[in-house]
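query-v1.txt, holding compact mmCIF, C-alpha atoms and all ligand atoms:
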# COMPACT_ATOMS: atom_id res chain seq x y z
CA MET A 1229 -102.52 42.61 0.40
CA PHE A 1230 -100.89 40.85 -2.53
CA LEU A 1231 -103.35 40.09 -5.32
CA GLU A 1232 -102.74 37.54 -8.03
CA PRO A 1233 -102.64 39.28 -11.45
CA PHE A 1234 -105.47 37.00 -12.54
CA PHE A 1235 -107.83 38.56 -10.01
CA ARG A 1236 -107.00 42.03 -11.23
CA GLY A 1237 -108.12 41.12 -14.71
CA GLN A 1238 -104.59 40.96 -16.13
CA ARG A 1239 -102.78 38.34 -18.11
CA SER A 1240 -100.27 36.56 -15.93
CA GLY A 1241 -96.61 37.46 -16.47
CA TRP A 1242 -93.53 35.61 -15.26
CA ILE A 1243 -89.74 35.73 -14.89
CA GLU A 1244 -87.19 33.47 -16.59
CA VAL A 1245 -83.47 33.56 -15.70
CA ILE A 1246 -80.71 32.19 -17.94
CA CYS A 1247 -77.43 32.05 -16.01
CA GLY A 1248 -74.00 30.48 -16.23
CA SER A 1249 -70.31 31.24 -16.74
CA MET A 1250 -68.74 33.12 -19.61
CA PHE A 1251 -68.83 31.30 -22.96
CA SER A 1252 -71.80 29.19 -21.81
CA GLY A 1253 -74.22 30.50 -24.45
CA LYS A 1254 -76.44 32.67 -22.21
CA THR A 1255 -76.93 35.40 -24.80
CA GLU A 1256 -77.50 32.84 -27.56
CA GLU A 1257 -80.26 31.26 -25.45
CA LEU A 1258 -81.79 34.68 -24.70
CA LEU A 1259 -81.79 35.55 -28.41
CA ARG A 1260 -83.31 32.18 -29.30
CA ARG A 1261 -86.24 32.77 -26.96
CA LEU A 1262 -86.75 36.36 -28.12
CA LYS A 1263 -86.65 35.43 -31.80
CA ARG A 1264 -89.17 32.65 -31.22
CA ALA A 1265 -91.52 35.20 -29.62
CA LYS A 1266 -91.02 37.55 -32.58
CA PHE A 1267 -91.96 34.77 -34.99
CA ALA A 1268 -95.26 34.60 -33.10
CA ASN A 1269 -95.72 38.34 -33.73
CA GLN A 1270 -95.20 39.19 -30.07
CA LYS A 1271 -93.69 42.60 -29.46
CA VAL A 1272 -90.23 42.28 -27.90
CA GLU A 1273 -88.00 44.85 -26.16
CA ILE A 1274 -84.42 44.24 -25.00
CA TYR A 1275 -82.33 46.17 -22.48
CA LYS A 1276 -78.72 45.97 -21.48
CA PRO A 1277 -76.57 47.93 -19.01
CA ARG A 1278 -74.72 50.88 -20.47
CA VAL A 1279 -71.45 49.59 -18.98
CA ASP A 1280 -71.33 46.72 -21.45
CA THR A 1281 -69.99 48.28 -24.63
CA ARG A 1282 -67.81 45.42 -25.76
CA TYR A 1283 -69.41 45.13 -29.17
CA ASP A 1284 -71.98 47.78 -29.93
CA ASN A 1285 -74.09 50.43 -28.25
CA VAL A 1286 -77.44 49.20 -29.42
CA LYS A 1287 -77.13 45.56 -30.40
CA VAL A 1288 -77.28 42.53 -28.12
CA VAL A 1289 -74.68 40.36 -29.81
CA SER A 1290 -73.84 36.80 -28.96
CA HIS A 1291 -70.42 35.28 -29.57
CA ASP A 1292 -71.61 33.87 -32.87
CA ASP A 1293 -72.59 37.36 -34.11
CA ASN A 1294 -76.31 36.72 -33.74
CA PHE A 1295 -77.95 39.99 -32.71
CA ILE A 1296 -81.15 41.88 -31.87
CA LEU A 1297 -81.31 45.64 -31.35
CA ALA A 1298 -81.26 46.57 -27.66
CA THR A 1299 -81.58 49.73 -25.60
CA PRO A 1300 -78.63 50.53 -23.29
CA ILE A 1301 -79.81 51.94 -19.92
CA ASP A 1302 -77.93 53.18 -16.86
CA HIS A 1303 -80.50 52.20 -14.19
CA SER A 1304 -82.88 49.25 -13.97
CA ALA A 1305 -85.89 51.55 -13.28
CA LYS A 1306 -85.84 52.50 -16.98
CA ILE A 1307 -87.27 49.07 -17.88
CA LEU A 1308 -90.55 50.19 -16.27
CA LYS A 1309 -91.03 52.66 -19.15
CA VAL A 1310 -91.43 49.82 -21.63
CA GLY A 1311 -94.45 50.16 -23.92
CA GLY A 1312 -97.78 48.68 -22.89
CA ASP A 1313 -97.97 46.71 -26.15
CA VAL A 1314 -94.67 44.90 -25.43
CA THR A 1315 -95.32 41.37 -24.20
CA VAL A 1316 -91.76 40.04 -23.85
CA VAL A 1317 -88.89 41.94 -22.19
CA GLY A 1318 -85.31 40.65 -22.49
CA ILE A 1319 -82.47 41.83 -20.26
CA ASP A 1320 -78.88 40.90 -21.12
CA GLU A 1321 -75.71 41.10 -18.97
CA ALA A 1322 -78.01 41.57 -15.97
CA GLN A 1323 -75.18 41.05 -13.46
CA PHE A 1324 -74.02 44.62 -14.13
CA PHE A 1325 -77.36 46.18 -13.09
CA ASP A 1326 -78.26 47.66 -9.69
CA GLN A 1327 -80.04 45.57 -7.02
CA ASP A 1328 -83.33 47.36 -7.83
CA LEU A 1329 -83.47 45.17 -10.93
CA ILE A 1330 -84.96 42.42 -8.73
CA GLN A 1331 -88.02 44.46 -7.76
CA ASN A 1332 -88.33 46.16 -11.15
CA VAL A 1333 -88.40 42.84 -12.96
CA GLN A 1334 -91.11 41.65 -10.56
CA LYS A 1335 -93.17 44.77 -11.29
CA LEU A 1336 -92.98 44.04 -15.01
CA ALA A 1337 -94.00 40.41 -14.49
CA LEU A 1338 -96.90 41.50 -12.31
CA SER A 1339 -98.04 43.85 -15.07
CA GLY A 1340 -98.44 40.78 -17.29
CA LYS A 1341 -95.13 40.70 -19.17
CA ARG A 1342 -92.85 37.75 -19.78
CA VAL A 1343 -89.40 38.84 -18.59
CA ILE A 1344 -86.29 36.92 -19.67
CA VAL A 1345 -83.08 37.81 -17.84
CA ALA A 1346 -79.62 36.57 -18.84
CA GLY A 1347 -76.45 37.06 -16.80
CA LEU A 1348 -73.37 35.69 -15.10
CA ASP A 1349 -74.25 33.90 -11.87
CA MET A 1350 -70.69 34.15 -10.47
CA ASP A 1351 -67.94 36.74 -10.86
CA PHE A 1352 -64.29 35.80 -11.50
CA ARG A 1353 -63.81 35.17 -7.77
CA GLY A 1354 -66.57 32.56 -7.81
CA LEU A 1355 -68.93 34.80 -5.79
CA PRO A 1356 -72.63 35.47 -6.60
CA PHE A 1357 -72.75 38.35 -9.06
CA GLY A 1358 -74.85 41.51 -8.50
CA PRO A 1359 -78.63 41.08 -8.65
CA ILE A 1360 -78.50 37.58 -10.22
CA PRO A 1361 -78.85 35.54 -6.98
CA GLY A 1362 -81.90 37.61 -5.99
CA LEU A 1363 -83.40 37.15 -9.45
CA LEU A 1364 -82.90 33.39 -9.20
CA ALA A 1365 -84.90 33.44 -5.98
CA VAL A 1366 -87.93 35.23 -7.44
CA ALA A 1367 -87.96 33.67 -10.95
CA GLU A 1368 -90.54 31.13 -12.06
CA TYR A 1369 -88.09 29.42 -14.43
CA ILE A 1370 -84.32 29.03 -14.18
CA THR A 1371 -81.93 27.69 -16.82
CA LYS A 1372 -78.29 27.19 -15.92
CA VAL A 1373 -76.17 26.79 -19.03
CA HIS A 1374 -72.58 25.54 -19.08
CA ALA A 1375 -69.42 26.17 -21.02
CA ILE A 1376 -66.74 23.53 -21.59
CA CYS A 1377 -63.67 23.63 -19.33
CA SER A 1378 -60.61 24.81 -21.28
CA HIS A 1379 -58.39 22.33 -19.46
CA CYS A 1380 -60.24 19.06 -18.92
CA GLY A 1381 -63.34 19.17 -21.12
CA ASN A 1382 -65.85 18.78 -18.29
CA LEU A 1383 -68.78 21.15 -17.95
CA ALA A 1384 -67.54 24.59 -16.87
CA THR A 1385 -69.33 26.64 -14.22
CA HIS A 1386 -66.63 29.22 -13.43
CA SER A 1387 -65.12 32.17 -15.30
CA TYR A 1388 -61.38 32.17 -14.64
CA ARG A 1389 -59.64 35.51 -15.08
CA LEU A 1390 -56.31 35.19 -16.84
CA SER A 1391 -55.16 38.73 -15.93
CA SER A 1392 -54.33 39.92 -12.42
CA GLU A 1393 -56.68 42.94 -12.35
CA ASP A 1394 -58.80 43.16 -9.16
CA SER A 1395 -61.88 45.04 -10.37
CA THR A 1396 -65.07 42.93 -10.53
CA VAL A 1397 -65.96 44.49 -13.86
CA VAL A 1398 -63.27 43.73 -16.37
CA LEU A 1399 -64.84 43.43 -19.76
CA GLY A 1400 -63.19 41.17 -22.20
CA GLU A 1401 -63.24 38.00 -24.10
CA LYS A 1402 -61.02 35.04 -24.63
CA ASP A 1403 -57.84 37.00 -23.95
CA LYS A 1404 -59.02 37.86 -20.41
CA TYR A 1405 -61.11 34.89 -19.25
CA GLU A 1406 -61.51 31.20 -19.80
CA PRO A 1407 -64.26 28.81 -18.73
CA ARG A 1408 -63.24 26.23 -16.14
CA CYS A 1409 -64.88 23.45 -14.14
CA ARG A 1410 -64.84 23.68 -10.35
CA SER A 1411 -61.73 21.57 -10.02
CA CYS A 1412 -59.61 23.37 -12.66
CA TYR A 1413 -60.83 26.75 -11.38
CA ASN A 1414 -59.62 25.77 -7.92
CA MET A 1415 -56.16 24.94 -9.28
CA GLY A 1416 -55.81 28.57 -10.33
CA ASN A 1417 -52.72 29.61 -12.25
CA ILE A 1418 -50.94 26.31 -11.54
CA LEU A 1419 -52.58 25.27 -14.80
CA ASP A 1420 -51.06 28.27 -16.61
CA LEU A 1421 -47.56 27.11 -15.74
CA LYS A 1422 -47.93 23.74 -17.43
ZN ZN B 1501 -61.70 21.27 -15.76

As structure tokens, what does this structure read like?
Ligand code: ZN
Amino acid sequence: MFLEPFFRGQRSGWIEVICGSMFSGKTEELLRRLKRAKFANQKVEIYKPRVDTRYDNVKVVSHDDNFILATPIDHSAKILKVGGDVTVVGIDEAQFFDQDLIQNVQKLALSGKRVIVAGLDMDFRGLPFGPIPGLLAVAEYITKVHAICSHCGNLATHSYRLSSEDSTVVLGEKDKYEPRCRSCYNMGNILDLK
């Protein structure tokens, strides 16, 4: 039988998800929340998948060079080893983690921790990305952030891949992707020819 954490004498934890396209400020928002917790003297731990080595092995870096030290891990189960004195757990680039992240994040929340997950909700094909859709289903709080469409200036929800590589995981920045609204995304490379 499922028992509310309250009845087991524990502080209640919860799950927050920050999602959106590339260049939408997900990591900036994650760092803002984590820094605010640190100002309140709460102990914070941050994890990221080992696959994401675009900038640095140990720092979570946003596009504006804001950063907090993070631990790269190769499987989501490693987040369960977080210290008992840690009250806030941040997870960046969560779309690259295994599906077990969904249950592991719930275990952490049930143990009384605030868990903040940031990640891409859609891949470059416009399909739900990795464990993010499952996390959205189980989270208490969801924030969808938007970029600005490179072509029309509307809010962008999609990450358009400028190269023709097929792999879902192609790391890169402005040379490989651009944010687009639904309509401009749907026009595909017709826009490139203009
Ligand atoms: Zn557009």

Per residue of range 1318-1345 of chain A within 12 Å of range 1245-1249 of chain A, note the shortest atom pair and the distance in Å to one decimal, counting all atoms listed in the file, and order the rows by chain and increasing residue number, as a Markdown table.
| residue | atom | partner | partner_atom | distance |
| --- | --- | --- | --- | --- |
| A:Gly1318 | CA | A:Val1245 | CA | 10.0 |
| A:Ile1319 | CA | A:Val1245 | CA | 9.5 |
| A:Asp1320 | CA | A:Ile1246 | CA | 9.5 |
| A:Glu1321 | CA | A:Cys1247 | CA | 9.7 |
| A:Ala1322 | CA | A:Cys1247 | CA | 9.5 |
| A:Gln1323 | CA | A:Cys1247 | CA | 9.6 |
| A:Ile1330 | CA | A:Val1245 | CA | 11.4 |
| A:Val1333 | CA | A:Val1245 | CA | 10.9 |
| A:Arg1342 | CA | A:Val1245 | CA | 11.1 |
| A:Val1343 | CA | A:Val1245 | CA | 8.4 |
| A:Ile1344 | CA | A:Val1245 | CA | 5.9 |
| A:Val1345 | CA | A:Val1245 | CA | 4.8 |

Handout entry: Residue with smallest distance to Gly1347 in chain A - pool A:Arg1261, A:Lys1335, A:Lys1372, A:Lys1266, counting only C-alpha atoms
Key = A:Lys1372

Exercise for the section: Return as a PyMOL selection string the residues of protein, DNA or RNA that approach ligand ZN 1501 (chain B) to within 7 Å, with only C-alpha atoms and all ligand atoms taken into account. Expected result: chain A and resi 1377-1382+1384+1408-1412

What are the centre and edge lengths in Å, to one decimal, of the axis-aligned box around all listed atoms of range 1380-1396 of chain A with 5 Å added on each side, as AutoDock Vina command-line options?
--center_x -61.8 --center_y 31.9 --center_z -15.1 --size_x 25.0 --size_y 36.3 --size_z 22.0

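The nearest approach to Gln1334 in chain A among the residues A:Val1279, A:Val1314, A:Leu1348, A:Leu1364, with only C-alpha atoms taken into account, belongs to A:Leu1364.
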
Practice task
Name the residues within 7 Å of (-62.3, 30.9, -18.8), counting all atoms listed in the file in the file's coordinates, and put them as a list in words.
Solution key: Met1250, Ser1378, Ser1387, Tyr1388, Arg1389, Tyr1405, Glu1406, Pro1407 and Arg1408 of chain A

Practice task
Show which residues sit within 12 Å of Val1317 in chain A, as JSON, numbers by chain. Count all atoms listed in the file, and ignore same-chain residues fewer than 4 positions away.
Solution key: {"A": [1241, 1242, 1243, 1244, 1245, 1258, 1259, 1261, 1262, 1263, 1265, 1266, 1270, 1271, 1272, 1273, 1274, 1275, 1276, 1298, 1299, 1307, 1308, 1309, 1310, 1311, 1312, 1313, 1332, 1333, 1334, 1336, 1337, 1339, 1340, 1341, 1342, 1343, 1344, 1345, 1346]}

Problem - Atom-to-atom span, CA of Glu1257 in chain A and CA of His1374 in chain A, Å - result: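 Between CA of Glu1257 in chain A and CA of His1374 in chain A the gap is 11.5 Å.
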
Problem - Å distance separating CA of Glu1393 in chain A from CA of Ile1360 in chain A, one decimal place - result: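 Interatomic distance here is 22.6 Å.
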
Exercise for the section: State, in Å with one decimal place, the distance from CA of Leu1329 in chain A to CA of Gly1253 in chain A. Expected result: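 So the answer is 22.0 Å.
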
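The nearest approach to Val1373 in chain A among the residues A:Phe1251, A:Phe1352, A:Tyr1413, A:Phe1267, with all atoms listed in the file taken into account, belongs to A:Phe1251.
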
Starting from the incomplete input, reconstruct all heavy atoms of range 1365-1376 of chain A and write that as a PDB file, keeping the file's coordinate frame.
ATOM      1  N   ALA A1365     -83.949  33.752  -7.048  1.00  0.00           N
ATOM      2  CA  ALA A1365     -84.900  33.440  -5.980  1.00  0.00           C
ATOM      3  C   ALA A1365     -86.341  33.749  -6.365  1.00  0.00           C
ATOM      4  O   ALA A1365     -87.261  33.030  -5.964  1.00  0.00           O
ATOM      5  CB  ALA A1365     -84.527  34.208  -4.707  1.00  0.00           C
ATOM      6  N   VAL A1366     -86.551  34.797  -7.145  1.00  0.00           N
ATOM      7  CA  VAL A1366     -87.930  35.230  -7.440  1.00  0.00           C
ATOM      8  C   VAL A1366     -88.436  34.723  -8.795  1.00  0.00           C
ATOM      9  O   VAL A1366     -89.619  34.888  -9.110  1.00  0.00           O
ATOM     10  CB  VAL A1366     -88.065  36.771  -7.392  1.00  0.00           C
ATOM     11  CG1 VAL A1366     -87.676  37.294  -6.008  1.00  0.00           C
ATOM     12  CG2 VAL A1366     -87.246  37.456  -8.470  1.00  0.00           C
ATOM     13  N   ALA A1367     -87.566  34.107  -9.601  1.00  0.00           N
ATOM     14  CA  ALA A1367     -87.960  33.670 -10.950  1.00  0.00           C
ATOM     15  C   ALA A1367     -88.843  32.430 -10.908  1.00  0.00           C
ATOM     16  O   ALA A1367     -88.710  31.584 -10.028  1.00  0.00           O
ATOM     17  CB  ALA A1367     -86.719  33.381 -11.790  1.00  0.00           C
ATOM     18  N   GLU A1368     -89.748  32.341 -11.888  1.00  0.00           N
ATOM     19  CA  GLU A1368     -90.540  31.130 -12.060  1.00  0.00           C
ATOM     20  C   GLU A1368     -89.713  30.017 -12.699  1.00  0.00           C
ATOM     21  O   GLU A1368     -89.863  28.846 -12.378  1.00  0.00           O
ATOM     22  CB  GLU A1368     -91.764  31.391 -12.955  1.00  0.00           C
ATOM     23  CG  GLU A1368     -92.974  31.909 -12.230  1.00  0.00           C
ATOM     24  CD  GLU A1368     -92.975  33.432 -12.116  1.00  0.00           C
ATOM     25  OE1 GLU A1368     -91.930  34.062 -12.368  1.00  0.00           O
ATOM     26  OE2 GLU A1368     -94.030  33.993 -11.762  1.00  0.00           O
ATOM     27  N   TYR A1369     -88.844  30.414 -13.659  1.00  0.00           N
ATOM     28  CA  TYR A1369     -88.090  29.420 -14.430  1.00  0.00           C
ATOM     29  C   TYR A1369     -86.612  29.791 -14.462  1.00  0.00           C
ATOM     30  O   TYR A1369     -86.264  30.943 -14.715  1.00  0.00           O
ATOM     31  CB  TYR A1369     -88.619  29.340 -15.865  1.00  0.00           C
ATOM     32  CG  TYR A1369     -90.100  29.094 -15.937  1.00  0.00           C
ATOM     33  CD1 TYR A1369     -90.980  30.133 -16.231  1.00  0.00           C
ATOM     34  CD2 TYR A1369     -90.622  27.831 -15.690  1.00  0.00           C
ATOM     35  CE1 TYR A1369     -92.351  29.921 -16.286  1.00  0.00           C
ATOM     36  CE2 TYR A1369     -91.991  27.599 -15.741  1.00  0.00           C
ATOM     37  CZ  TYR A1369     -92.855  28.654 -16.041  1.00  0.00           C
ATOM     38  OH  TYR A1369     -94.199  28.443 -16.091  1.00  0.00           O
ATOM     39  N   ILE A1370     -85.764  28.802 -14.204  1.00  0.00           N
ATOM     40  CA  ILE A1370     -84.320  29.030 -14.180  1.00  0.00           C
ATOM     41  C   ILE A1370     -83.631  28.039 -15.114  1.00  0.00           C
ATOM     42  O   ILE A1370     -83.917  26.846 -15.081  1.00  0.00           O
ATOM     43  CB  ILE A1370     -83.762  28.826 -12.749  1.00  0.00           C
ATOM     44  CG1 ILE A1370     -84.355  29.848 -11.793  1.00  0.00           C
ATOM     45  CG2 ILE A1370     -82.247  28.891 -12.750  1.00  0.00           C
ATOM     46  CD1 ILE A1370     -84.131  29.496 -10.327  1.00  0.00           C
ATOM     47  N   THR A1371     -82.741  28.558 -15.955  1.00  0.00           N
ATOM     48  CA  THR A1371     -81.930  27.690 -16.820  1.00  0.00           C
ATOM     49  C   THR A1371     -80.474  28.004 -16.550  1.00  0.00           C
ATOM     50  O   THR A1371     -80.038  29.145 -16.715  1.00  0.00           O
ATOM     51  CB  THR A1371     -82.233  27.961 -18.308  1.00  0.00           C
ATOM     52  OG1 THR A1371     -83.632  27.810 -18.536  1.00  0.00           O
ATOM     53  CG2 THR A1371     -81.467  26.985 -19.194  1.00  0.00           C
ATOM     54  N   LYS A1372     -79.728  27.001 -16.102  1.00  0.00           N
ATOM     55  CA  LYS A1372     -78.290  27.190 -15.920  1.00  0.00           C
ATOM     56  C   LYS A1372     -77.578  26.528 -17.092  1.00  0.00           C
ATOM     57  O   LYS A1372     -77.707  25.320 -17.280  1.00  0.00           O
ATOM     58  CB  LYS A1372     -77.828  26.588 -14.597  1.00  0.00           C
ATOM     59  CG  LYS A1372     -76.390  26.912 -14.251  1.00  0.00           C
ATOM     60  CD  LYS A1372     -76.176  26.962 -12.733  1.00  0.00           C
ATOM     61  CE  LYS A1372     -74.726  27.292 -12.397  1.00  0.00           C
ATOM     62  NZ  LYS A1372     -74.551  27.722 -11.007  1.00  0.00           N
ATOM     63  N   VAL A1373     -76.881  27.336 -17.871  1.00  0.00           N
ATOM     64  CA  VAL A1373     -76.170  26.790 -19.030  1.00  0.00           C
ATOM     65  C   VAL A1373     -74.683  26.682 -18.694  1.00  0.00           C
ATOM     66  O   VAL A1373     -74.196  27.346 -17.782  1.00  0.00           O
ATOM     67  CB  VAL A1373     -76.401  27.669 -20.289  1.00  0.00           C
ATOM     68  CG1 VAL A1373     -77.813  27.497 -20.806  1.00  0.00           C
ATOM     69  CG2 VAL A1373     -76.123  29.128 -20.015  1.00  0.00           C
ATOM     70  N   HIS A1374     -73.975  25.815 -19.405  1.00  0.00           N
ATOM     71  CA  HIS A1374     -72.580  25.540 -19.080  1.00  0.00           C
ATOM     72  C   HIS A1374     -71.677  25.739 -20.287  1.00  0.00           C
ATOM     73  O   HIS A1374     -72.086  25.483 -21.416  1.00  0.00           O
ATOM     74  CB  HIS A1374     -72.428  24.096 -18.578  1.00  0.00           C
ATOM     75  CG  HIS A1374     -73.248  23.788 -17.368  1.00  0.00           C
ATOM     76  ND1 HIS A1374     -74.537  23.317 -17.461  1.00  0.00           N
ATOM     77  CD2 HIS A1374     -72.988  23.934 -16.053  1.00  0.00           C
ATOM     78  CE1 HIS A1374     -75.032  23.172 -16.246  1.00  0.00           C
ATOM     79  NE2 HIS A1374     -74.117  23.540 -15.366  1.00  0.00           N
ATOM     80  N   ALA A1375     -70.461  26.160 -19.992  1.00  0.00           N
ATOM     81  CA  ALA A1375     -69.420  26.170 -21.020  1.00  0.00           C
ATOM     82  C   ALA A1375     -68.660  24.844 -20.905  1.00  0.00           C
ATOM     83  O   ALA A1375     -69.037  23.979 -20.123  1.00  0.00           O
ATOM     84  CB  ALA A1375     -68.497  27.362 -20.800  1.00  0.00           C
ATOM     85  N   ILE A1376     -67.607  24.706 -21.682  1.00  0.00           N
ATOM     86  CA  ILE A1376     -66.740  23.530 -21.590  1.00  0.00           C
ATOM     87  C   ILE A1376     -65.406  23.984 -20.994  1.00  0.00           C
ATOM     88  O   ILE A1376     -64.828  24.986 -21.438  1.00  0.00           O
ATOM     89  CB  ILE A1376     -66.481  22.921 -22.992  1.00  0.00           C
ATOM     90  CG1 ILE A1376     -67.798  22.556 -23.681  1.00  0.00           C
ATOM     91  CG2 ILE A1376     -65.547  21.718 -22.911  1.00  0.00           C
ATOM     92  CD1 ILE A1376     -68.537  21.423 -23.044  1.00  0.00           C
TER      93      ILE A1376
END
